>>> print(open('upload23.txt').read())   # compact mmCIF, C-alpha atoms (C1' of nucleotides)
# COMPACT_ATOMS: atom_id res chain seq x y z
CA MET A 160 -50.09 -17.02 122.72
CA LYS A 161 -48.54 -16.31 119.36
CA HIS A 162 -50.54 -14.87 116.52
CA LYS A 163 -51.10 -17.15 113.53
CA GLY A 164 -51.53 -14.56 110.80
CA HIS A 165 -55.03 -15.33 109.55
CA THR A 166 -56.58 -12.18 111.01
CA ASN A 167 -55.68 -8.50 110.87
CA PRO A 168 -56.61 -6.82 114.17
CA PRO A 169 -56.34 -3.03 114.64
CA GLY A 170 -53.26 -3.33 116.86
CA ARG A 171 -51.33 -4.99 114.07
CA GLN A 172 -52.39 -2.47 111.45
CA LYS A 173 -51.65 0.49 113.72
CA THR A 174 -48.17 -0.86 114.41
CA ILE A 175 -47.36 -1.15 110.72
CA GLU A 176 -48.70 2.35 110.14
CA ALA A 177 -46.65 3.72 113.06
CA LEU A 178 -43.33 2.38 111.80
CA THR A 179 -44.08 3.59 108.29
CA GLN A 180 -44.76 7.08 109.65
CA LEU A 181 -41.65 7.14 111.82
CA MET A 182 -39.47 6.06 108.91
CA ARG A 183 -40.50 9.07 106.88
CA THR A 184 -37.83 11.03 108.72
CA ARG A 185 -35.70 8.43 110.51
CA ASP A 186 -33.74 5.29 109.69
CA PHE A 187 -34.92 1.95 111.00
CA HIS A 188 -32.20 1.41 113.55
CA SER A 189 -32.77 4.74 115.27
CA VAL A 190 -36.48 4.07 115.73
CA THR A 191 -37.14 2.23 119.01
CA THR A 192 -39.85 -0.29 119.73
CA ALA A 193 -41.03 1.99 122.55
CA GLU A 194 -41.56 4.81 120.03
CA ILE A 195 -43.39 2.53 117.63
CA ALA A 196 -45.70 1.36 120.40
CA GLN A 197 -46.34 4.91 121.59
CA ARG A 198 -47.09 6.19 118.07
CA ALA A 199 -49.36 3.21 117.40
CA GLY A 200 -51.15 3.61 120.72
CA VAL A 201 -50.44 0.03 121.79
CA THR A 202 -48.08 -1.60 124.27
CA GLU A 203 -44.67 -2.97 123.30
CA GLY A 204 -45.84 -6.42 124.32
CA LEU A 205 -48.56 -6.42 121.69
CA ILE A 206 -46.10 -5.76 118.89
CA TYR A 207 -44.45 -9.05 119.71
CA LYS A 208 -47.78 -10.86 119.46
CA TYR A 209 -47.99 -9.99 115.79
CA PHE A 210 -44.33 -9.75 114.82
CA ASN A 211 -41.50 -12.09 115.76
CA SER A 212 -38.99 -9.25 116.01
CA LYS A 213 -38.51 -5.60 115.17
CA LYS A 214 -36.94 -6.68 111.87
CA ASP A 215 -39.88 -8.97 111.11
CA LEU A 216 -42.13 -5.93 111.48
CA LEU A 217 -39.97 -4.08 108.96
CA TYR A 218 -40.22 -6.96 106.50
CA GLN A 219 -43.99 -7.03 106.81
CA VAL A 220 -44.14 -3.29 106.18
CA LEU A 221 -42.06 -3.85 103.05
CA ASP A 222 -44.28 -6.74 102.04
CA ASP A 223 -47.34 -4.48 102.12
CA LEU A 224 -45.62 -1.69 100.21
CA PHE A 225 -44.10 -3.99 97.62
CA ALA A 226 -47.42 -5.69 96.98
CA ARG A 227 -48.89 -2.32 95.98
CA PHE A 228 -45.85 -1.45 93.87
CA ASN A 229 -46.03 -4.78 92.09
CA GLU A 230 -49.69 -4.27 91.28
CA THR A 231 -49.07 -0.82 89.86
CA VAL A 232 -46.33 -2.05 87.56
CA LEU A 233 -48.26 -5.10 86.36
CA GLU A 234 -51.27 -2.97 85.49
CA ARG A 235 -49.12 -0.64 83.44
CA ILE A 236 -47.40 -3.33 81.36
CA ALA A 237 -50.62 -5.27 80.79
CA GLY A 238 -51.49 -3.42 77.57
CA THR A 239 -48.23 -3.82 75.64
CA SER A 240 -46.74 -6.90 74.05
CA SER A 241 -43.29 -5.64 72.99
CA ALA A 242 -40.59 -6.73 75.47
CA ILE A 243 -38.62 -3.52 75.16
CA GLN A 244 -41.73 -1.43 75.66
CA GLN A 245 -42.58 -3.47 78.74
CA LEU A 246 -39.07 -3.00 80.16
CA ASP A 247 -39.32 0.69 79.41
CA ILE A 248 -42.52 0.89 81.41
CA ILE A 249 -40.90 -1.00 84.29
CA ILE A 250 -38.02 1.48 84.37
CA ALA A 251 -40.36 4.46 84.28
CA SER A 252 -42.77 3.01 86.86
CA SER A 253 -40.01 2.11 89.28
CA ILE A 254 -38.43 5.54 89.20
CA GLU A 255 -41.78 7.30 89.53
CA TYR A 256 -42.72 5.03 92.41
CA TYR A 257 -39.40 5.56 94.21
CA ALA A 258 -39.78 9.30 93.73
CA ALA A 259 -43.29 9.32 95.16
CA ASN A 260 -42.83 6.80 97.97
CA ARG A 261 -39.52 7.45 99.68
CA VAL A 262 -40.10 5.18 102.67
CA PHE A 263 -40.72 2.27 100.34
CA ALA A 264 -37.57 3.03 98.38
CA ARG A 265 -35.43 3.42 101.48
CA ILE A 266 -36.62 0.19 103.05
CA LEU A 267 -36.18 -1.81 99.85
CA LEU A 268 -32.83 -0.38 98.79
CA LEU A 269 -31.15 0.53 102.08
CA GLU A 270 -32.65 -1.09 105.15
CA VAL A 271 -33.31 -4.77 104.63
CA ARG A 272 -30.44 -6.23 102.63
CA ASN A 273 -27.91 -6.17 105.44
CA SER A 274 -29.57 -9.01 107.31
CA GLN A 275 -29.75 -12.66 106.27
CA ASP A 276 -33.22 -13.19 107.75
CA TYR A 277 -34.65 -10.81 105.17
CA PHE A 278 -33.85 -13.37 102.52
CA ALA A 279 -35.99 -15.90 104.36
CA SER A 280 -38.93 -13.48 104.63
CA GLU A 281 -42.15 -13.40 102.64
CA ALA A 282 -41.30 -9.90 101.48
CA TYR A 283 -38.20 -11.24 99.75
CA GLU A 284 -40.25 -14.00 98.13
CA ARG A 285 -42.43 -11.30 96.61
CA VAL A 286 -39.38 -9.41 95.34
CA LYS A 287 -38.00 -12.61 93.83
CA THR A 288 -41.26 -13.30 92.02
CA TYR A 289 -41.18 -9.77 90.63
CA ALA A 290 -37.58 -10.21 89.46
CA ARG A 291 -38.43 -13.52 87.81
CA ARG A 292 -41.22 -11.82 85.90
CA ILE A 293 -38.75 -9.26 84.51
CA GLN A 294 -36.48 -12.04 83.41
CA ASP A 295 -39.37 -13.73 81.62
CA ILE A 296 -39.92 -10.52 79.66
CA ILE A 297 -36.25 -10.49 78.67
CA ASP A 298 -36.41 -14.15 77.64
CA THR A 299 -39.39 -13.37 75.44
CA GLY A 300 -37.57 -10.39 73.95
CA ILE A 301 -34.58 -12.54 73.05
CA ALA A 302 -36.81 -15.26 71.63
CA ASN A 303 -38.65 -12.89 69.28
CA GLY A 304 -35.52 -11.03 68.20
CA GLU A 305 -36.08 -7.72 69.98
CA ILE A 306 -33.07 -8.20 72.27
CA LYS A 307 -29.57 -9.34 71.34
CA SER A 308 -29.29 -13.10 71.73
CA ASP A 309 -25.78 -13.07 73.18
CA ILE A 310 -26.93 -11.20 76.30
CA ASP A 311 -27.37 -13.23 79.48
CA PRO A 312 -30.98 -12.62 80.62
CA GLN A 313 -30.22 -12.80 84.33
CA ILE A 314 -27.32 -10.37 84.13
CA PHE A 315 -29.39 -8.04 81.96
CA ARG A 316 -32.17 -8.12 84.54
CA ASN A 317 -29.67 -7.22 87.27
CA VAL A 318 -28.19 -4.44 85.17
CA ILE A 319 -31.64 -2.95 84.64
CA LEU A 320 -32.55 -3.15 88.32
CA GLY A 321 -29.13 -1.85 89.40
CA ALA A 322 -29.25 1.02 86.96
CA ILE A 323 -32.68 2.07 88.21
CA GLU A 324 -31.67 1.80 91.85
CA HIS A 325 -28.39 3.62 91.65
CA ALA A 326 -29.78 6.36 89.45
CA CYS A 327 -32.25 7.21 92.22
CA LEU A 328 -30.06 6.41 95.21
CA GLY A 329 -28.60 9.85 95.84
CA GLU A 330 -32.01 11.48 95.65
CA ILE A 331 -33.49 8.87 97.99
CA ILE A 332 -30.69 9.11 100.56
CA PHE A 333 -30.54 12.89 100.64
CA SER A 334 -34.26 13.44 100.12
CA ARG A 335 -33.67 15.45 96.96
CA LYS A 336 -36.19 16.07 94.24
CA LEU A 337 -36.11 13.44 91.51
CA ASP A 338 -36.98 14.22 87.87
CA ALA A 339 -38.37 10.82 86.93
CA GLN A 340 -38.82 11.57 83.25
CA VAL A 341 -35.26 12.74 82.58
CA VAL A 342 -33.72 9.84 84.47
CA THR A 343 -35.99 7.29 82.77
CA GLN A 344 -35.20 8.61 79.32
CA CYS A 345 -31.45 8.54 79.96
CA ILE A 346 -31.42 5.03 81.38
CA SER A 347 -33.50 3.67 78.51
CA THR A 348 -31.17 5.18 75.94
CA ILE A 349 -28.10 3.70 77.59
CA LEU A 350 -29.50 0.24 78.21
CA PHE A 351 -31.20 -0.26 74.86
CA ASN A 352 -29.06 1.74 72.43
CA GLY A 353 -25.74 1.90 74.25
CA ALA A 354 -23.60 4.82 75.35
CA LYS A 355 -21.00 4.50 72.62
CA ALA A 356 -21.24 7.22 69.99
CA MET B 242 -8.86 11.20 127.07
CA LYS B 243 -10.01 10.93 123.47
CA HIS B 244 -7.67 9.83 120.74
CA LYS B 245 -6.78 12.43 118.10
CA GLY B 246 -5.99 10.16 115.18
CA HIS B 247 -2.36 11.08 114.49
CA THR B 248 -0.99 7.75 115.73
CA ASN B 249 -1.85 4.13 115.00
CA PRO B 250 -1.33 2.04 118.16
CA PRO B 251 -1.64 -1.78 118.15
CA GLY B 252 -4.99 -1.71 119.97
CA ARG B 253 -6.54 0.31 117.18
CA GLN B 254 -5.16 -1.88 114.42
CA LYS B 255 -6.16 -5.09 116.20
CA THR B 256 -9.71 -3.79 116.62
CA ILE B 257 -10.04 -3.05 112.91
CA GLU B 258 -8.63 -6.46 112.08
CA ALA B 259 -11.01 -8.16 114.53
CA LEU B 260 -14.16 -6.62 113.04
CA THR B 261 -12.96 -7.41 109.53
CA GLN B 262 -12.42 -11.05 110.52
CA LEU B 263 -15.78 -11.33 112.27
CA MET B 264 -17.60 -9.88 109.28
CA ARG B 265 -16.29 -12.63 107.03
CA THR B 266 -19.17 -14.78 108.30
CA ARG B 267 -21.51 -12.39 110.11
CA ASP B 268 -23.36 -9.18 109.44
CA PHE B 269 -22.40 -6.02 111.28
CA HIS B 270 -25.43 -5.77 113.52
CA SER B 271 -25.04 -9.30 114.87
CA VAL B 272 -21.43 -8.72 115.88
CA THR B 273 -21.20 -7.29 119.41
CA THR B 274 -18.61 -4.89 120.76
CA ALA B 275 -17.78 -7.52 123.39
CA GLU B 276 -16.93 -10.01 120.64
CA ILE B 277 -14.82 -7.49 118.78
CA ALA B 278 -12.88 -6.70 121.94
CA GLN B 279 -12.36 -10.37 122.75
CA ARG B 280 -11.20 -11.22 119.24
CA ALA B 281 -8.87 -8.21 119.22
CA GLY B 282 -7.51 -9.02 122.68
CA VAL B 283 -8.39 -5.59 124.05
CA THR B 284 -11.05 -4.25 126.41
CA GLU B 285 -14.30 -2.74 125.19
CA GLY B 286 -13.29 0.54 126.74
CA LEU B 287 -10.26 0.85 124.51
CA ILE B 288 -12.34 0.55 121.37
CA TYR B 289 -14.10 3.74 122.37
CA LYS B 290 -10.77 5.52 122.74
CA TYR B 291 -10.10 5.09 119.05
CA PHE B 292 -13.61 5.04 117.62
CA ASN B 293 -16.54 7.26 118.48
CA SER B 294 -19.04 4.45 118.06
CA LYS B 295 -19.39 0.93 116.75
CA LYS B 296 -20.55 2.42 113.45
CA ASP B 297 -17.55 4.75 113.33
CA LEU B 298 -15.34 1.67 113.59
CA LEU B 299 -17.16 0.16 110.62
CA TYR B 300 -16.64 3.32 108.59
CA GLN B 301 -12.93 3.32 109.35
CA VAL B 302 -12.68 -0.33 108.30
CA LEU B 303 -14.37 0.63 105.04
CA ASP B 304 -12.06 3.61 104.64
CA ASP B 305 -9.01 1.33 104.82
CA LEU B 306 -10.47 -1.19 102.40
CA PHE B 307 -11.69 1.42 99.94
CA ALA B 308 -8.31 3.15 99.91
CA ARG B 309 -6.70 -0.08 98.66
CA PHE B 310 -9.48 -0.66 96.14
CA ASN B 311 -9.10 2.85 94.80
CA GLU B 312 -5.35 2.43 94.38
CA THR B 313 -5.79 -0.83 92.48
CA VAL B 314 -8.25 0.70 90.05
CA LEU B 315 -6.20 3.86 89.46
CA GLU B 316 -3.09 1.81 88.70
CA ARG B 317 -4.97 -0.23 86.15
CA ILE B 318 -6.46 2.70 84.23
CA ALA B 319 -3.20 4.67 84.27
CA GLY B 320 -1.92 3.17 81.00
CA THR B 321 -4.93 3.86 78.76
CA SER B 322 -6.25 7.11 77.37
CA SER B 323 -9.53 6.03 75.77
CA ALA B 324 -12.51 6.84 78.00
CA ILE B 325 -14.41 3.72 77.06
CA GLN B 326 -11.37 1.54 77.69
CA GLN B 327 -10.93 3.19 81.08
CA LEU B 328 -14.57 2.59 81.98
CA ASP B 329 -14.20 -0.99 80.82
CA ILE B 330 -11.26 -1.45 83.17
CA ILE B 331 -13.23 0.10 86.03
CA ILE B 332 -16.08 -2.34 85.47
CA ALA B 333 -13.73 -5.33 85.30
CA SER B 334 -11.65 -4.22 88.30
CA SER B 335 -14.70 -3.59 90.48
CA ILE B 336 -16.22 -6.97 89.79
CA GLU B 337 -12.92 -8.79 90.31
CA TYR B 338 -12.36 -6.89 93.53
CA TYR B 339 -15.88 -7.60 94.85
CA ALA B 340 -15.42 -11.26 93.97
CA ALA B 341 -12.09 -11.48 95.80
CA ASN B 342 -12.90 -9.31 98.81
CA ARG B 343 -16.39 -10.14 100.01
CA VAL B 344 -16.20 -8.26 103.31
CA PHE B 345 -15.33 -5.08 101.45
CA ALA B 346 -18.22 -5.60 99.05
CA ARG B 347 -20.71 -6.34 101.80
CA ILE B 348 -19.75 -3.33 103.87
CA LEU B 349 -19.80 -0.94 100.91
CA LEU B 350 -23.00 -2.22 99.29
CA LEU B 351 -25.05 -3.50 102.21
CA GLU B 352 -23.95 -2.29 105.61
CA VAL B 353 -23.27 1.43 105.61
CA ARG B 354 -25.88 3.13 103.48
CA ASN B 355 -28.74 2.74 105.95
CA SER B 356 -27.34 5.34 108.32
CA GLN B 357 -27.06 9.09 107.77
CA ASP B 358 -23.79 9.42 109.70
CA TYR B 359 -22.05 7.35 107.05
CA PHE B 360 -22.54 10.22 104.65
CA ALA B 361 -20.64 12.47 107.02
CA SER B 362 -17.75 10.02 107.36
CA GLU B 363 -14.29 10.16 105.78
CA ALA B 364 -14.98 6.83 104.10
CA TYR B 365 -17.86 8.40 102.19
CA GLU B 366 -15.65 11.33 101.18
CA ARG B 367 -13.29 8.81 99.61
CA VAL B 368 -16.14 7.10 97.77
CA LYS B 369 -17.33 10.48 96.51
CA THR B 370 -13.90 11.37 95.18
CA TYR B 371 -13.79 8.04 93.38
CA ALA B 372 -17.23 8.62 91.85
CA ARG B 373 -16.21 12.09 90.72
CA ARG B 374 -13.19 10.63 88.96
CA ILE B 375 -15.46 8.28 87.00
CA GLN B 376 -17.61 11.19 85.97
CA ASP B 377 -14.52 13.05 84.76
CA ILE B 378 -13.71 10.11 82.51
CA ILE B 379 -17.23 10.22 81.10
CA ASP B 380 -16.98 13.98 80.54
CA THR B 381 -13.74 13.43 78.62
CA GLY B 382 -15.35 10.66 76.59
CA ILE B 383 -18.22 12.92 75.59
CA ALA B 384 -15.84 15.79 74.78
CA ASN B 385 -13.73 13.68 72.41
CA GLY B 386 -16.70 12.00 70.75
CA GLU B 387 -16.33 8.49 72.18
CA ILE B 388 -19.59 8.72 74.11
CA LYS B 389 -22.97 10.00 72.90
CA SER B 390 -23.32 13.67 73.70
CA ASP B 391 -26.98 13.49 74.69
CA ILE B 392 -26.23 11.27 77.69
CA ASP B 393 -26.19 12.88 81.13
CA PRO B 394 -22.74 12.15 82.62
CA GLN B 395 -23.94 11.88 86.20
CA ILE B 396 -26.77 9.50 85.36
CA PHE B 397 -24.45 7.45 83.19
CA ARG B 398 -22.00 7.18 86.08
CA ASN B 399 -24.79 5.99 88.36
CA VAL B 400 -25.99 3.49 85.79
CA ILE B 401 -22.48 2.05 85.48
CA LEU B 402 -22.04 1.79 89.26
CA GLY B 403 -25.54 0.41 89.74
CA ALA B 404 -25.10 -2.15 87.00
CA ILE B 405 -21.84 -3.36 88.54
CA GLU B 406 -23.29 -3.54 92.02
CA HIS B 407 -26.51 -5.29 91.23
CA ALA B 408 -24.85 -7.75 88.90
CA CYS B 409 -22.71 -8.96 91.83
CA LEU B 410 -25.26 -8.50 94.60
CA GLY B 411 -26.77 -11.98 94.63
CA GLU B 412 -23.34 -13.61 94.67
CA ILE B 413 -22.17 -11.30 97.46
CA ILE B 414 -25.24 -11.82 99.62
CA PHE B 415 -25.38 -15.59 99.24
CA SER B 416 -21.61 -16.12 99.10
CA ARG B 417 -21.82 -17.72 95.69
CA LYS B 418 -18.97 -18.04 93.22
CA LEU B 419 -18.75 -15.09 90.83
CA ASP B 420 -17.45 -15.42 87.27
CA ALA B 421 -15.99 -11.95 86.90
CA GLN B 422 -15.08 -12.26 83.25
CA VAL B 423 -18.51 -13.31 82.01
CA VAL B 424 -20.30 -10.64 84.05
CA THR B 425 -17.87 -7.92 82.97
CA GLN B 426 -18.23 -8.82 79.30
CA CYS B 427 -22.01 -8.81 79.49
CA ILE B 428 -22.25 -5.48 81.31
CA SER B 429 -19.86 -3.80 78.89
CA THR B 430 -21.84 -4.97 75.89
CA ILE B 431 -25.10 -3.69 77.31
CA LEU B 432 -23.80 -0.32 78.52
CA PHE B 433 -21.72 0.56 75.46
CA ASN B 434 -23.54 -1.13 72.59
CA GLY B 435 -27.06 -1.48 73.97
CA ALA B 436 -29.28 -4.49 74.46
CA LYS B 437 -31.54 -3.83 71.50
CA ALA B 438 -30.97 -6.22 68.58
C1' DA C 90 -72.83 -22.72 132.05
C1' DA C 91 -68.21 -24.05 130.64
C1' DG C 92 -64.63 -23.58 128.02
C1' DA C 93 -61.89 -21.92 124.32
C1' DT C 94 -59.93 -18.25 121.63
C1' DG C 95 -57.77 -14.00 120.70
C1' DA C 96 -56.81 -8.91 121.67
C1' DG C 97 -54.38 -6.37 124.63
C1' DT C 98 -51.59 -5.18 129.09
C1' DG C 99 -47.62 -4.02 132.00
C1' DA C 100 -44.07 -5.27 134.63
C1' DG C 101 -40.35 -7.44 134.06
C1' DT C 102 -35.20 -9.28 132.07
C1' DA C 103 -31.04 -9.96 129.47
C1' DA C 104 -28.13 -8.04 126.39
C1' DT C 105 -25.36 -4.56 124.66
C1' DA C 106 -23.49 -0.06 123.21
C1' DC C 107 -21.22 3.25 125.52
C1' DT C 108 -18.93 5.94 129.85
C1' DT C 109 -15.87 7.05 133.39
C1' DA C 110 -12.45 7.04 136.72
C1' DC C 111 -8.46 4.84 137.03
C1' DT C 112 -3.27 2.71 136.39
C1' DC C 113 1.06 2.34 134.26
C1' DA C 114 4.71 3.42 131.26
C1' DT C 115 7.21 6.60 128.41
C1' DC C 116 8.60 10.97 126.92
C1' DT C 117 9.54 16.07 127.64
C1' DT C 118 11.63 19.88 129.82
C1' DA C 119 12.95 22.99 133.51
C1' DT D 168 16.72 14.39 137.98
C1' DA D 169 12.33 15.60 139.58
C1' DA D 170 7.74 17.21 137.74
C1' DG D 171 4.55 16.91 134.75
C1' DA D 172 2.39 15.85 130.55
C1' DT D 173 0.86 12.41 127.25
C1' DG D 174 -1.01 8.30 125.58
C1' DA D 175 -2.05 3.13 125.84
C1' DG D 176 -4.78 0.25 128.14
C1' DT D 177 -8.11 -1.42 132.07
C1' DA D 178 -12.27 -2.64 134.82
C1' DA D 179 -16.36 -1.79 136.56
C1' DG D 180 -19.89 0.39 135.79
C1' DT D 181 -24.83 2.61 133.47
C1' DA D 182 -28.65 3.50 130.41
C1' DT D 183 -31.00 1.96 126.79
C1' DT D 184 -33.66 -1.19 124.29
C1' DA D 185 -35.29 -5.40 122.14
C1' DC D 186 -37.82 -8.93 123.78
C1' DT D 187 -40.61 -12.15 127.37
C1' DC D 188 -44.15 -13.76 130.27
C1' DA D 189 -47.90 -14.22 133.20
C1' DC D 190 -51.96 -12.09 133.27
C1' DT D 191 -56.98 -9.83 132.25
C1' DC D 192 -61.00 -9.06 129.66
C1' DA D 193 -64.26 -9.72 126.17
C1' DT D 194 -66.43 -12.46 122.65
C1' DC D 195 -67.63 -16.65 120.51
C1' DT D 196 -68.75 -21.80 120.57
C1' DT D 197 -71.25 -25.91 122.03
>>> encode(input="upload23.txt", output="structure tokens")
Amino acid sequence: MKHKGHTNPPGRQKTIEALTQLMRTRDFHSVTTAEIAQRAGVTEGLIYKYFNSKKDLLYQVLDDLFARFNETVLERIAGTSSAIQQLDIIIASSIEYYAANRVFARILLLEVRNSQDYFASEAYERVKTYARRIQDIIDTGIANGEIKSDIDPQIFRNVILGAIEHACLGEIIFSRKLDAQVVTQCISTILFNGAKA
Amino acid sequence: MKHKGHTNPPGRQKTIEALTQLMRTRDFHSVTTAEIAQRAGVTEGLIYKYFNSKKDLLYQVLDDLFARFNETVLERIAGTSSAIQQLDIIIASSIEYYAANRVFARILLLEVRNSQDYFASEAYERVKTYARRIQDIIDTGIANGEIKSDIDPQIFRNVILGAIEHACLGEIIFSRKLDAQVVTQCISTILFNGAKA
DNA sequence: AAGATGAGTGAGTAATACTTACTCATCTTA
DNA sequence: TAAGATGAGTAAGTATTACTCACTCATCTT
């Protein structure tokens, strides 16, 4: 019988934990279901009681990790009312979070986007909600005159997210140290004040 | 016997063409080697004479496509000497090229980065050379006073590339129409003049 | 006591990336 | 011109791996 999702038995939790651990040093494709099961201390069959596929497991891992990320960011912007200050906090928080949680960053930026089923997953719904929230901040900023009115809010949101991602990408891929403060400062300057002298 | 790479027989070319065709509607993982062989009109065995693995085939497809992209961009910046104008052309060319060649965009942005061996491939070497060239332009721009001197050239390069990528990502993933001119204009404004009012 | 529900098992199977031993044709060179 | 090397292409494998299915065992419900 298939699992319905309204409980969280140890086998499910251990499986999620196992994949997360294995992906600290390996990419998703190279990790086998047999390894996941062994590391989790369960049988392969059980994995498929809780997850529809190996990919579905990955998406649920991301869902967990993104939920925590989202919470962290929301807490940090709660105090401020200025749109630009809020965006600044989002940039800083994202980079710090990527630097501290490499598995999260790799899954989100490198491992899921190649497959269409990701975009039908709950994890992606969460990401979309997060992105919408950023756009709301931009809308507010334009409305109250903080941000130029001729800028398209959706494109600006994508530029912010893309800038953050790509600025960390090399460090994430090659497991290099990432100086969050320097990168944050530089991105903020470019995006808000422009690079032109 | 293994192929050495100094010839380009029909079987090799047809294989590359077949994967390119198949990826117009499908993601890499869902395309099987059997399908590639069938579409190319060769046997599976032959594929492994010319390519070390299915992934290696993908990287060589990307190498071909990126070579053409690179040429297009270089031709278009050849006439101008201003750094900012050159960067502007790079932004516009990239977006136009992604819009017109979706398979190229999907491979480069979504399909290769999840695997470490990509970063040892010739395709990645090409991408690196291209990225270095962009950084050279930024260096020049800082040297002649066009670009703010307190901006880190490498981070600025990543911000430009990330902004371009993410601004097109939704359209690439969901095969939506992409208005290159509007997106280009908006990105340029943000990156060079800043979003702050 | 009977039955339902849900966690967990373990032995499968089908698919698929990759291998290997081979043929056939063309070119080289002694 | 015979001998041999080289390279394109084949066909029938194999090993791996994601996924399935029929089952047990324990706990809860009525």
>>> closest_atom_pairs(input="upload23.txt", of="chain C", to="chain B", cutoff="12 Å", atoms="only C-alpha atoms (C1' of nucleotides)", output="Markdown table")
| residue | atom | partner | partner_atom | distance |
| --- | --- | --- | --- | --- |
| C:DA104 | C1' | B:Thr273 | CA | 9.9 |
| C:DT105 | C1' | B:Thr273 | CA | 7.2 |
| C:DA106 | C1' | B:Thr274 | CA | 7.3 |
| C:DC107 | C1' | B:Tyr289 | CA | 7.8 |
| C:DT108 | C1' | B:Gly286 | CA | 8.4 |
| C:DT109 | C1' | B:Gly286 | CA | 9.7 |
| C:DA110 | C1' | B:Met242 | CA | 11.1 |
| C:DC111 | C1' | B:Met242 | CA | 11.8 |
>>> interface_residues(input="upload23.txt", of="chain D", to="chain B", cutoff="9 Å", atoms="only C-alpha atoms (C1' of nucleotides)", output="list in words")
DG174, DA175, DG176, DT177 and DA178 of chain D
>>> atom_distance(input="upload23.txt", atom1="CA of Ala404 in chain B", atom2="CA of Ile336 in chain B")
10.5 Å
>>> atom_distance(input="upload23.txt", atom1="CA of Arg354 in chain B", atom2="CA of Tyr277 in chain A")
16.6 Å
>>> atom_distance(input="upload23.txt", atom1="CA of Val368 in chain B", atom2="CA of Asp393 in chain B")
20.3 Å
>>> closest_residue(input="upload23.txt", among="D:DT196, D:DT184, D:DA189, D:DT168", to="Val190 in chain A", atoms="only C-alpha atoms (C1' of nucleotides)")
D:DT184
>>> closest_residue(input="upload23.txt", among="B:Glu276, B:Thr425, B:Leu260, B:Leu303", to="Ile405 in chain B", atoms="only C-alpha atoms")
B:Thr425
>>> interface_residues(input="upload23.txt", of="chain B", to="chain A", cutoff="6 Å", atoms="only C-alpha atoms", output="list of chain:residue names")
B:Leu351, B:Glu352, B:Asn355, B:Glu387, B:Ile388, B:Lys389, B:Ile396, B:Asn399, B:Val400, B:Gly403, B:Ala404, B:His407, B:Ala408, B:Ile431, B:Leu432, B:Phe433, B:Asn434, B:Gly435, B:Ala436, B:Lys437, B:Ala438
>>> closest_residue(input="upload23.txt", among="B:Ala384, B:Leu299, B:Ala259, B:Ile413", to="Ala340 in chain B", atoms="only C-alpha atoms")
B:Ile413
>>> residues_near_point(input="upload23.txt", point="(-40.5, -9.3, 127.7)", cutoff="7 Å", atoms="only C-alpha atoms (C1' of nucleotides)", output="number ranges by chain")
A: 204; C: 101-102; D: 186-188
>>> residues_near_point(input="upload23.txt", point="(-48.3, 6.5, 85.6)", cutoff="12 Å", atoms="only C-alpha atoms (C1' of nucleotides)", output="PyMOL selection string")
chain A and resi 228+231-236+248-256+259+339-340
>>> axis_aligned_box(input="upload23.txt", around="range 351-360 of chain B", padding_each_side="4 Å", output="JSON")
{"center_x": -25.4, "center_y": 3.4, "center_z": 106.0, "size_x": 14.7, "size_y": 21.7, "size_z": 15.5}
>>> residues_around(input="upload23.txt", residues="range 116-118 of chain C", least_positions_apart="5", cutoff="12 Å", atoms="all atoms listed in the file", output="ChimeraX atom specification")
/D:168-174
>>> write_last_selection(input="upload23.txt", atoms="C-alpha atoms (C1' of nucleotides)", output="PDB file, in the coordinates of the input")
ATOM      1  C1'  DT D 168      16.720  14.390 137.980  1.00  0.00           C
ATOM      2  C1'  DA D 169      12.330  15.600 139.580  1.00  0.00           C
ATOM      3  C1'  DA D 170       7.740  17.210 137.740  1.00  0.00           C
ATOM      4  C1'  DG D 171       4.550  16.910 134.750  1.00  0.00           C
ATOM      5  C1'  DA D 172       2.390  15.850 130.550  1.00  0.00           C
ATOM      6  C1'  DT D 173       0.860  12.410 127.250  1.00  0.00           C
ATOM      7  C1'  DG D 174      -1.010   8.300 125.580  1.00  0.00           C
TER       8       DG D 174
END
>>> residues_around(input="upload23.txt", residues="DA93 in chain C", least_positions_apart="2", cutoff="12 Å", atoms="only C-alpha atoms (C1' of nucleotides)", output="PyMOL selection string")
(chain C and resi 91+95) or (chain D and resi 194-197)
